[in-house]
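Asker: Structure file structure.pdb (PDB, C-alpha atoms, pLDDT in the B column) is given on the next line.
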```pdb
ATOM      1  CA  MET A   1     -71.832 137.468 -43.731  1.00 45.00           C
ATOM      2  CA  PRO A   2     -74.464 139.789 -42.178  1.00 60.00           C
ATOM      3  CA  ALA A   3     -76.078 142.522 -44.250  1.00 82.00           C
ATOM      4  CA  ILE A   4     -74.526 145.854 -43.331  1.00 96.00           C
ATOM      5  CA  HIS A   5     -76.229 149.235 -43.422  1.00 98.00           C
ATOM      6  CA  VAL A   6     -73.874 152.185 -43.935  1.00 98.00           C
ATOM      7  CA  LEU A   7     -74.952 155.417 -42.250  1.00 98.00           C
ATOM      8  CA  HIS A   8     -73.344 158.684 -43.313  1.00 98.00           C
ATOM      9  CA  SER A   9     -73.680 160.938 -40.310  1.00 98.00           C
ATOM     10  CA  GLU A  10     -72.634 164.047 -38.460  1.00 96.00           C
ATOM     11  CA  ARG A  11     -72.798 164.141 -34.689  1.00 96.00           C
ATOM     12  CA  ASN A  12     -75.936 165.741 -33.252  1.00 96.00           C
ATOM     13  CA  SER A  13     -77.698 165.526 -36.603  1.00 97.00           C
ATOM     14  CA  GLY A  14     -80.869 164.001 -37.989  1.00 97.00           C
ATOM     15  CA  ALA A  15     -78.954 160.750 -38.275  1.00 98.00           C
ATOM     16  CA  PHE A  16     -79.549 160.302 -34.535  1.00 98.00           C
ATOM     17  CA  ALA A  17     -83.131 159.162 -35.144  1.00 98.00           C
ATOM     18  CA  VAL A  18     -81.977 156.763 -37.854  1.00 98.00           C
ATOM     19  CA  GLN A  19     -79.214 155.313 -35.691  1.00 98.00           C
ATOM     20  CA  SER A  20     -81.663 154.850 -32.816  1.00 98.00           C
ATOM     21  CA  VAL A  21     -83.930 152.763 -35.057  1.00 98.00           C
ATOM     22  CA  LEU A  22     -81.000 150.718 -36.366  1.00 98.00           C
ATOM     23  CA  GLU A  23     -80.004 150.007 -32.761  1.00 98.00           C
ATOM     24  CA  ALA A  24     -83.556 149.167 -31.702  1.00 98.00           C
ATOM     25  CA  ALA A  25     -83.954 146.777 -34.630  1.00 98.00           C
ATOM     26  CA  GLY A  26     -80.663 145.043 -33.842  1.00 98.00           C
ATOM     27  CA  ALA A  27     -79.328 145.819 -37.323  1.00 98.00           C
ATOM     28  CA  GLU A  28     -75.725 145.535 -38.400  1.00 97.00           C
ATOM     29  CA  TYR A  29     -74.441 148.960 -39.427  1.00 98.00           C
ATOM     30  CA  ARG A  30     -71.371 151.115 -39.585  1.00 98.00           C
ATOM     31  CA  ILE A  31     -71.018 154.889 -39.500  1.00 98.00           C
ATOM     32  CA  VAL A  32     -69.154 157.027 -41.996  1.00 97.00           C
ATOM     33  CA  GLU A  33     -68.592 160.294 -40.166  1.00 96.00           C
ATOM     34  CA  VAL A  34     -69.054 163.435 -42.247  1.00 95.00           C
ATOM     35  CA  ALA A  35     -67.054 166.429 -41.084  1.00 85.00           C
ATOM     36  CA  GLU A  36     -69.048 169.573 -40.308  1.00 76.00           C
ATOM     37  CA  LYS A  37     -67.423 171.706 -42.941  1.00 74.00           C
ATOM     38  CA  SER A  38     -68.062 173.343 -46.277  1.00 76.00           C
ATOM     39  CA  PRO A  39     -67.735 172.443 -49.062  1.00 86.00           C
ATOM     40  CA  ARG A  40     -69.111 168.979 -48.536  1.00 90.00           C
ATOM     41  CA  PRO A  41     -66.881 166.064 -49.573  1.00 91.00           C
ATOM     42  CA  ALA A  42     -67.393 164.752 -53.091  1.00 92.00           C
ATOM     43  CA  SER A  43     -68.116 161.293 -51.668  1.00 93.00           C
ATOM     44  CA  LEU A  44     -71.218 162.636 -49.889  1.00 96.00           C
ATOM     45  CA  LEU A  45     -72.362 164.781 -52.817  1.00 96.00           C
ATOM     46  CA  LYS A  46     -72.253 161.702 -55.020  1.00 96.00           C
ATOM     47  CA  LEU A  47     -74.796 160.052 -52.708  1.00 97.00           C
ATOM     48  CA  ASN A  48     -76.859 163.161 -51.979  1.00 97.00           C
ATOM     49  CA  PRO A  49     -76.369 166.207 -54.236  1.00 96.00           C
ATOM     50  CA  LEU A  50     -77.754 168.414 -51.443  1.00 95.00           C
ATOM     51  CA  GLY A  51     -74.841 167.416 -49.237  1.00 95.00           C
ATOM     52  CA  GLN A  52     -77.150 166.639 -46.331  1.00 95.00           C
ATOM     53  CA  VAL A  53     -77.070 163.850 -43.765  1.00 97.00           C
ATOM     54  CA  PRO A  54     -78.306 161.335 -42.947  1.00 98.00           C
ATOM     55  CA  VAL A  55     -77.626 159.231 -45.985  1.00 98.00           C
ATOM     56  CA  LEU A  56     -78.197 155.499 -45.590  1.00 98.00           C
ATOM     57  CA  GLU A  57     -76.775 152.881 -47.918  1.00 98.00           C
ATOM     58  CA  LEU A  58     -78.985 149.798 -47.703  1.00 98.00           C
ATOM     59  CA  PRO A  59     -77.369 146.353 -47.936  1.00 97.00           C
ATOM     60  CA  ASP A  60     -78.540 146.001 -51.545  1.00 97.00           C
ATOM     61  CA  GLY A  61     -76.873 149.274 -52.520  1.00 97.00           C
ATOM     62  CA  THR A  62     -79.991 151.439 -52.526  1.00 98.00           C
ATOM     63  CA  ILE A  63     -79.351 154.990 -51.310  1.00 98.00           C
ATOM     64  CA  MET A  64     -81.852 156.633 -48.983  1.00 98.00           C
ATOM     65  CA  THR A  65     -82.008 160.257 -47.856  1.00 98.00           C
ATOM     66  CA  GLU A  66     -84.583 162.159 -45.754  1.00 98.00           C
ATOM     67  CA  SER A  67     -84.536 161.120 -42.110  1.00 98.00           C
ATOM     68  CA  ALA A  68     -88.266 160.482 -41.712  1.00 98.00           C
ATOM     69  CA  ALA A  69     -88.384 158.298 -44.830  1.00 98.00           C
ATOM     70  CA  ILE A  70     -85.411 156.286 -43.584  1.00 98.00           C
ATOM     71  CA  VAL A  71     -86.982 155.825 -40.140  1.00 98.00           C
ATOM     72  CA  ILE A  72     -90.264 154.627 -41.664  1.00 98.00           C
ATOM     73  CA  HIS A  73     -88.488 152.186 -43.975  1.00 98.00           C
ATOM     74  CA  LEU A  74     -86.204 150.729 -41.321  1.00 98.00           C
ATOM     75  CA  ALA A  75     -88.977 150.205 -38.781  1.00 98.00           C
ATOM     76  CA  ASP A  76     -91.115 148.377 -41.324  1.00 98.00           C
ATOM     77  CA  ALA A  77     -88.298 146.396 -42.943  1.00 97.00           C
ATOM     78  CA  LEU A  78     -86.276 145.394 -39.893  1.00 97.00           C
ATOM     79  CA  ALA A  79     -88.792 145.213 -37.060  1.00 97.00           C
ATOM     80  CA  PRO A  80     -92.312 144.879 -38.512  1.00 94.00           C
ATOM     81  CA  GLY A  81     -94.977 145.501 -35.913  1.00 95.00           C
ATOM     82  CA  ARG A  82     -92.398 146.148 -33.200  1.00 97.00           C
ATOM     83  CA  LEU A  83     -91.167 149.691 -33.835  1.00 98.00           C
ATOM     84  CA  ALA A  84     -94.164 151.013 -35.754  1.00 98.00           C
ATOM     85  CA  PRO A  85     -97.828 150.099 -36.076  1.00 98.00           C
ATOM     86  CA  ASP A  86     -98.587 147.551 -38.793  1.00 96.00           C
ATOM     87  CA  LEU A  87     -99.869 148.843 -42.108  1.00 94.00           C
ATOM     88  CA  LEU A  88    -103.469 147.970 -41.236  1.00 96.00           C
ATOM     89  CA  SER A  89    -103.294 148.985 -37.577  1.00 97.00           C
ATOM     90  CA  PRO A  90    -105.701 151.744 -36.507  1.00 97.00           C
ATOM     91  CA  ALA A  91    -102.651 153.496 -35.020  1.00 97.00           C
ATOM     92  CA  ARG A  92    -100.795 153.598 -38.366  1.00 98.00           C
ATOM     93  CA  PRO A  93    -102.347 156.850 -39.665  1.00 98.00           C
ATOM     94  CA  THR A  94    -101.522 158.677 -36.411  1.00 98.00           C
ATOM     95  CA  TYR A  95     -97.953 157.361 -36.478  1.00 98.00           C
ATOM     96  CA  LEU A  96     -97.408 158.591 -40.019  1.00 98.00           C
ATOM     97  CA  ARG A  97     -99.173 161.900 -39.391  1.00 98.00           C
ATOM     98  CA  LEU A  98     -97.117 162.782 -36.312  1.00 98.00           C
ATOM     99  CA  LEU A  99     -93.792 161.628 -37.738  1.00 98.00           C
ATOM    100  CA  LEU A 100     -94.281 163.569 -40.966  1.00 98.00           C
ATOM    101  CA  PHE A 101     -95.650 166.562 -39.039  1.00 98.00           C
ATOM    102  CA  MET A 102     -92.396 166.674 -37.088  1.00 98.00           C
ATOM    103  CA  ALA A 103     -90.239 166.253 -40.193  1.00 98.00           C
ATOM    104  CA  VAL A 104     -92.060 168.832 -42.302  1.00 98.00           C
ATOM    105  CA  ASN A 105     -92.725 171.422 -39.594  1.00 98.00           C
ATOM    106  CA  LEU A 106     -90.493 171.139 -36.535  1.00 98.00           C
ATOM    107  CA  TYR A 107     -87.369 170.013 -38.382  1.00 98.00           C
ATOM    108  CA  THR A 108     -87.628 172.799 -40.935  1.00 97.00           C
ATOM    109  CA  ALA A 109     -88.342 175.349 -38.196  1.00 97.00           C
ATOM    110  CA  ASP A 110     -85.087 174.258 -36.559  1.00 96.00           C
ATOM    111  CA  LEU A 111     -83.235 174.843 -39.807  1.00 96.00           C
ATOM    112  CA  ARG A 112     -84.730 178.315 -40.193  1.00 97.00           C
ATOM    113  CA  LEU A 113     -83.829 179.140 -36.587  1.00 97.00           C
ATOM    114  CA  TYR A 114     -80.194 178.048 -36.769  1.00 95.00           C
ATOM    115  CA  TYR A 115     -79.485 178.775 -40.442  1.00 94.00           C
ATOM    116  CA  PRO A 116     -81.637 181.847 -41.203  1.00 96.00           C
ATOM    117  CA  ALA A 117     -79.370 183.085 -44.006  1.00 93.00           C
ATOM    118  CA  ARG A 118     -80.472 180.119 -46.100  1.00 91.00           C
ATOM    119  CA  TYR A 119     -84.054 181.380 -46.056  1.00 95.00           C
ATOM    120  CA  THR A 120     -83.724 185.012 -47.048  1.00 94.00           C
ATOM    121  CA  ALA A 121     -82.064 186.918 -49.868  1.00 93.00           C
ATOM    122  CA  ASP A 122     -81.739 189.927 -47.562  1.00 90.00           C
ATOM    123  CA  ALA A 123     -79.131 189.519 -44.826  1.00 86.00           C
ATOM    124  CA  ALA A 124     -80.922 192.172 -42.788  1.00 89.00           C
ATOM    125  CA  GLY A 125     -83.952 189.905 -42.634  1.00 91.00           C
ATOM    126  CA  ALA A 126     -82.220 187.023 -40.830  1.00 94.00           C
ATOM    127  CA  ASP A 127     -83.464 188.050 -37.385  1.00 95.00           C
ATOM    128  CA  GLY A 128     -87.050 188.065 -38.618  1.00 96.00           C
ATOM    129  CA  VAL A 129     -86.608 184.577 -40.047  1.00 97.00           C
ATOM    130  CA  LYS A 130     -85.314 183.357 -36.672  1.00 97.00           C
ATOM    131  CA  GLN A 131     -88.144 184.973 -34.693  1.00 97.00           C
ATOM    132  CA  ALA A 132     -90.790 183.512 -36.979  1.00 97.00           C
ATOM    133  CA  ALA A 133     -89.144 180.085 -36.836  1.00 97.00           C
ATOM    134  CA  LEU A 134     -89.153 180.036 -33.036  1.00 97.00           C
ATOM    135  CA  ALA A 135     -92.810 181.120 -32.906  1.00 97.00           C
ATOM    136  CA  HIS A 136     -93.755 178.408 -35.387  1.00 97.00           C
ATOM    137  CA  MET A 137     -91.727 175.837 -33.447  1.00 97.00           C
ATOM    138  CA  ASP A 138     -93.452 176.642 -30.165  1.00 96.00           C
ATOM    139  CA  ALA A 139     -96.893 176.398 -31.776  1.00 98.00           C
ATOM    140  CA  GLN A 140     -95.991 173.067 -33.356  1.00 98.00           C
ATOM    141  CA  PHE A 141     -94.671 171.587 -30.114  1.00 98.00           C
ATOM    142  CA  ALA A 142     -97.987 172.511 -28.493  1.00 98.00           C
ATOM    143  CA  ILE A 143     -99.789 170.427 -31.124  1.00 98.00           C
ATOM    144  CA  ILE A 144     -97.520 167.457 -30.407  1.00 98.00           C
ATOM    145  CA  ASP A 145     -97.996 167.822 -26.654  1.00 98.00           C
ATOM    146  CA  GLN A 146    -101.757 167.747 -27.077  1.00 98.00           C
ATOM    147  CA  ALA A 147    -101.532 164.635 -29.252  1.00 98.00           C
ATOM    148  CA  ILE A 148     -99.527 162.802 -26.561  1.00 98.00           C
ATOM    149  CA  GLY A 149    -102.240 163.040 -23.943  1.00 97.00           C
ATOM    150  CA  ASP A 150    -101.380 160.763 -21.022  1.00 97.00           C
ATOM    151  CA  ASN A 151     -99.203 158.388 -23.046  1.00 98.00           C
ATOM    152  CA  ARG A 152     -95.803 157.332 -21.833  1.00 98.00           C
ATOM    153  CA  PHE A 153     -94.491 157.536 -25.410  1.00 98.00           C
ATOM    154  CA  LEU A 154     -95.680 159.540 -28.386  1.00 98.00           C
ATOM    155  CA  LEU A 155     -98.230 157.019 -29.711  1.00 98.00           C
ATOM    156  CA  SER A 156     -99.014 154.910 -26.653  1.00 98.00           C
ATOM    157  CA  ASP A 157     -97.278 153.393 -23.667  1.00 98.00           C
ATOM    158  CA  ASP A 158     -94.960 151.481 -26.031  1.00 98.00           C
ATOM    159  CA  PHE A 159     -91.804 152.805 -27.673  1.00 98.00           C
ATOM    160  CA  SER A 160     -91.921 153.427 -31.418  1.00 98.00           C
ATOM    161  CA  ALA A 161     -89.587 154.712 -34.123  1.00 98.00           C
ATOM    162  CA  ALA A 162     -91.244 158.126 -33.823  1.00 98.00           C
ATOM    163  CA  ASP A 163     -90.013 158.672 -30.269  1.00 99.00           C
ATOM    164  CA  PRO A 164     -86.305 159.311 -30.967  1.00 98.00           C
ATOM    165  CA  TYR A 165     -87.409 161.778 -33.626  1.00 98.00           C
ATOM    166  CA  LEU A 166     -89.355 163.787 -31.045  1.00 98.00           C
ATOM    167  CA  LEU A 167     -86.516 163.504 -28.529  1.00 98.00           C
ATOM    168  CA  MET A 168     -84.010 164.828 -31.067  1.00 98.00           C
ATOM    169  CA  LEU A 169     -86.171 167.789 -32.063  1.00 98.00           C
ATOM    170  CA  SER A 170     -86.952 168.637 -28.444  1.00 98.00           C
ATOM    171  CA  TYR A 171     -83.264 168.903 -27.581  1.00 98.00           C
ATOM    172  CA  TRP A 172     -82.684 171.050 -30.638  1.00 98.00           C
ATOM    173  CA  HIS A 173     -85.025 173.635 -29.134  1.00 98.00           C
ATOM    174  CA  PRO A 174     -82.862 176.551 -27.933  1.00 97.00           C
ATOM    175  CA  GLU A 175     -84.250 176.110 -24.400  1.00 98.00           C
ATOM    176  CA  PRO A 176     -85.252 172.442 -23.988  1.00 98.00           C
ATOM    177  CA  GLN A 177     -85.844 172.698 -20.240  1.00 98.00           C
ATOM    178  CA  THR A 178     -88.273 175.567 -20.801  1.00 98.00           C
ATOM    179  CA  LEU A 179     -89.952 173.474 -23.501  1.00 98.00           C
ATOM    180  CA  PHE A 180     -90.325 170.554 -21.072  1.00 98.00           C
ATOM    181  CA  ALA A 181     -91.737 172.786 -18.327  1.00 98.00           C
ATOM    182  CA  ARG A 182     -94.291 174.185 -20.741  1.00 98.00           C
ATOM    183  CA  HIS A 183     -95.270 170.822 -22.254  1.00 98.00           C
ATOM    184  CA  PRO A 184     -95.375 168.007 -19.679  1.00 98.00           C
ATOM    185  CA  GLY A 185     -96.395 165.407 -22.242  1.00 98.00           C
ATOM    186  CA  ILE A 186     -93.265 166.043 -24.291  1.00 98.00           C
ATOM    187  CA  ALA A 187     -91.173 166.018 -21.124  1.00 98.00           C
ATOM    188  CA  ARG A 188     -92.618 162.632 -20.145  1.00 98.00           C
ATOM    189  CA  VAL A 189     -92.032 161.117 -23.600  1.00 98.00           C
ATOM    190  CA  CYS A 190     -88.465 162.411 -23.731  1.00 98.00           C
ATOM    191  CA  ASP A 191     -87.733 161.064 -20.258  1.00 98.00           C
ATOM    192  CA  SER A 192     -89.095 157.644 -21.263  1.00 98.00           C
ATOM    193  CA  THR A 193     -87.216 157.652 -24.561  1.00 98.00           C
ATOM    194  CA  ARG A 194     -83.879 158.551 -22.992  1.00 98.00           C
ATOM    195  CA  GLN A 195     -84.135 155.354 -20.962  1.00 98.00           C
ATOM    196  CA  VAL A 196     -84.503 153.086 -24.016  1.00 98.00           C
ATOM    197  CA  PRO A 197     -81.144 151.277 -24.411  1.00 98.00           C
ATOM    198  CA  ALA A 198     -81.082 151.652 -28.192  1.00 98.00           C
ATOM    199  CA  VAL A 199     -81.601 155.399 -27.924  1.00 98.00           C
ATOM    200  CA  ALA A 200     -78.941 155.718 -25.245  1.00 98.00           C
ATOM    201  CA  ALA A 201     -76.537 153.808 -27.506  1.00 98.00           C
ATOM    202  CA  ALA A 202     -77.153 156.239 -30.369  1.00 98.00           C
ATOM    203  CA  ASN A 203     -76.737 159.158 -28.000  1.00 98.00           C
ATOM    204  CA  ALA A 204     -73.321 157.901 -26.944  1.00 98.00           C
ATOM    205  CA  TRP A 205     -72.149 158.850 -30.435  1.00 98.00           C
ATOM    206  CA  HIS A 206     -74.328 161.918 -31.074  1.00 98.00           C
ATOM    207  CA  ARG A 207     -74.574 163.544 -27.613  1.00 97.00           C
ATOM    208  CA  ILE A 208     -78.028 164.973 -28.277  1.00 97.00           C
ATOM    209  CA  TRP A 209     -78.528 165.551 -24.559  1.00 97.00           C
TER     210      TRP A 209
END
```
Once you've parsed the file, please lay out its structure as structure tokens.
Answerer:
Amino acid sequence: MPAIHVLHSERNSGAFAVQSVLEAAGAEYRIVEVAEKSPRPASLLKLNPLGQVPVLELPDGTIMTESAAIVIHLADALAPGRLAPDLLSPARPTYLRLLLFMAVNLYTADLRLYYPARYTADAAGADGVKQAALAHMDAQFAIIDQAIGDNRFLLSDDFSAADPYLLMLSYWHPEPQTLFARHPGIARVCDSTRQVPAVAAANAWHRIW
């Protein structure tokens, strides 16, 4: 019987990047859909006390949270050398730097933009949180665009596990078409990534774009 990964997911969530990697690796998995409501179900809180998705149950029962960590693990465990640079590859440090840069900076800027009340004890300050988040986001996308250079994908002309992560975050921008017009490298990478069958398969469930 094949080993099954169990992905706890909302639609149009960070689980999109994880599902894209599962698809690209040809892994067996099933989705447990989490309703977008509060309070979170006890079944999810048991796996992740923060109540956040994605949560991935590995075939051996190990529970993983944090989308970037899951993406890194799956690429290395299920498709070594195919979806991420090998551990000793000269491209490995750049891969890790850019993926973690997106997770720590762009992802959290998205959260501050769309959920500003979580980041201030003063309800009157929510608009300031949103404005600062958008400014930070735009500055961070500029750094990513510069790192892309003339590449077809984020790291090179070959698809990697980092590409669906960038695609997801780009479409979470409040004006993705403006973002693409401003940053042609990001536009090119997103166009290339949308055409990857595994990414398109994940999008059929999530509807990121």
Asker: Quick one: of A:Arg97, A:Arg112, A:Arg182, A:Arg92, who's nearest to A:Met137, counting only C-alpha atoms?
Answerer: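 Of A:Arg97, A:Arg112, A:Arg182, A:Arg92, the one nearest A:Met137 is A:Arg112, counting only C-alpha atoms.
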Asker: Between atom CA of A:Val21 and atom CA of A:Ala200, what is the distance in Å, rounded to a tenth?
Answerer: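 Pair atom CA of A:Val21 / atom CA of A:Ala200 returns 11.4 Å.
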Asker: Given the file shown, determine the residues that the PyMOL selection byres ((chain A and resi 72) around 10) selects; report them as a list in words.
Answerer: Val18, Val21, Ser67, Ala68, Ala69, Ile70, Val71, His73, Leu74, Ala75, Asp76, Ala77, Leu83, Ala84, Tyr95, Leu96, Leu99, Leu100, Ala161 and Ala162 of chain A
Asker: Starting from the displayed file, determine the output of the PyMOL selection byres ((chain A and resi 47-59) around 7) and express the residue list as a VMD selection string.
Answerer: chain A and resid 3 to 10 14 to 15 40 43 to 46 60 to 67
Asker: Skipping near chain neighbours, those fewer than 2 positions away, what residues fall within 12 Å of A:Gln131 using all atoms listed in the file, listed as a list in words?
Answerer: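 With the cut-off at 12 Å, the set is Ala109, Asp110, Arg112, Leu113, Tyr114, Pro116, Gly125, Ala126, Asp127, Gly128, Val129, Ala133, Leu134, Ala135, His136, Met137 and Asp138 of chain A.
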Asker: Which residues are close to A:Phe159, i.e. within 12 Å by all atoms listed in the file, leaving aside same-chain residues fewer than 2 positions away? Reply as a PyMOL selection string.
Answerer: chain A and resi 20-21+24+75+81-85+95+151-157+161-167+189-199
Asker: Which neighbours of A:Gln177 fall inside 12 Å, counting all atoms listed in the file, when residues of the same chain fewer than 3 positions from it are skipped, and could you give them as a PyMOL selection string?
Answerer: chain A and resi 170-174+180-184+186-187+190-191+209
Asker: What's the separation between atom CA of A:Leu22 and atom CA of A:Ala79, in Å to one decimal place?
Answerer: 9.6 Å
Asker: Anything within 7 Å of (-78.1, 165.5, -29.0): list those residues as a list of chain:residue names, counting only C-alpha atoms and sticking to the file's coordinates.
Answerer: A:Asn12, A:Met168, A:Tyr171, A:Asn203, A:His206, A:Arg207, A:Ile208, A:Trp209
Asker: Suppose you want the space between atom CA of A:Thr178 and atom CA of A:Asp158; what is it in Å?
Answerer: 25.5 Å
Asker: A:Ala42, A:Leu98, A:Leu111, A:Val34: which is nearest A:Ile143, counting only C-alpha atoms?
Answerer: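 Of A:Ala42, A:Leu98, A:Leu111, A:Val34, the one nearest A:Ile143 is A:Leu98, counting only C-alpha atoms.
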Asker: Nearest residue to A:Ala91 out of A:Ser160, A:Glu175, A:Ser13, A:Ile31, using all atoms listed in the file?
Answerer: A:Ser160
Asker: Return the padded bounding box of stretch 109-123 of chain A as JSON: axis-aligned, built from all atoms listed in the file, 4 Å added on each side, with centre and edge lengths in Å to one decimal.
Answerer:
```
{"center_x": -83.7, "center_y": 182.1, "center_z": -43.2, "size_x": 17.2, "size_y": 23.7, "size_z": 21.3}
```
Asker: Here is a test: counting all atoms listed in the file, which residue of A:Pro80, A:Pro90, A:Met102, A:Ala123 is nearest to A:Ala139?
Answerer: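 Smallest separation from A:Ala139 among the options: A:Met102.
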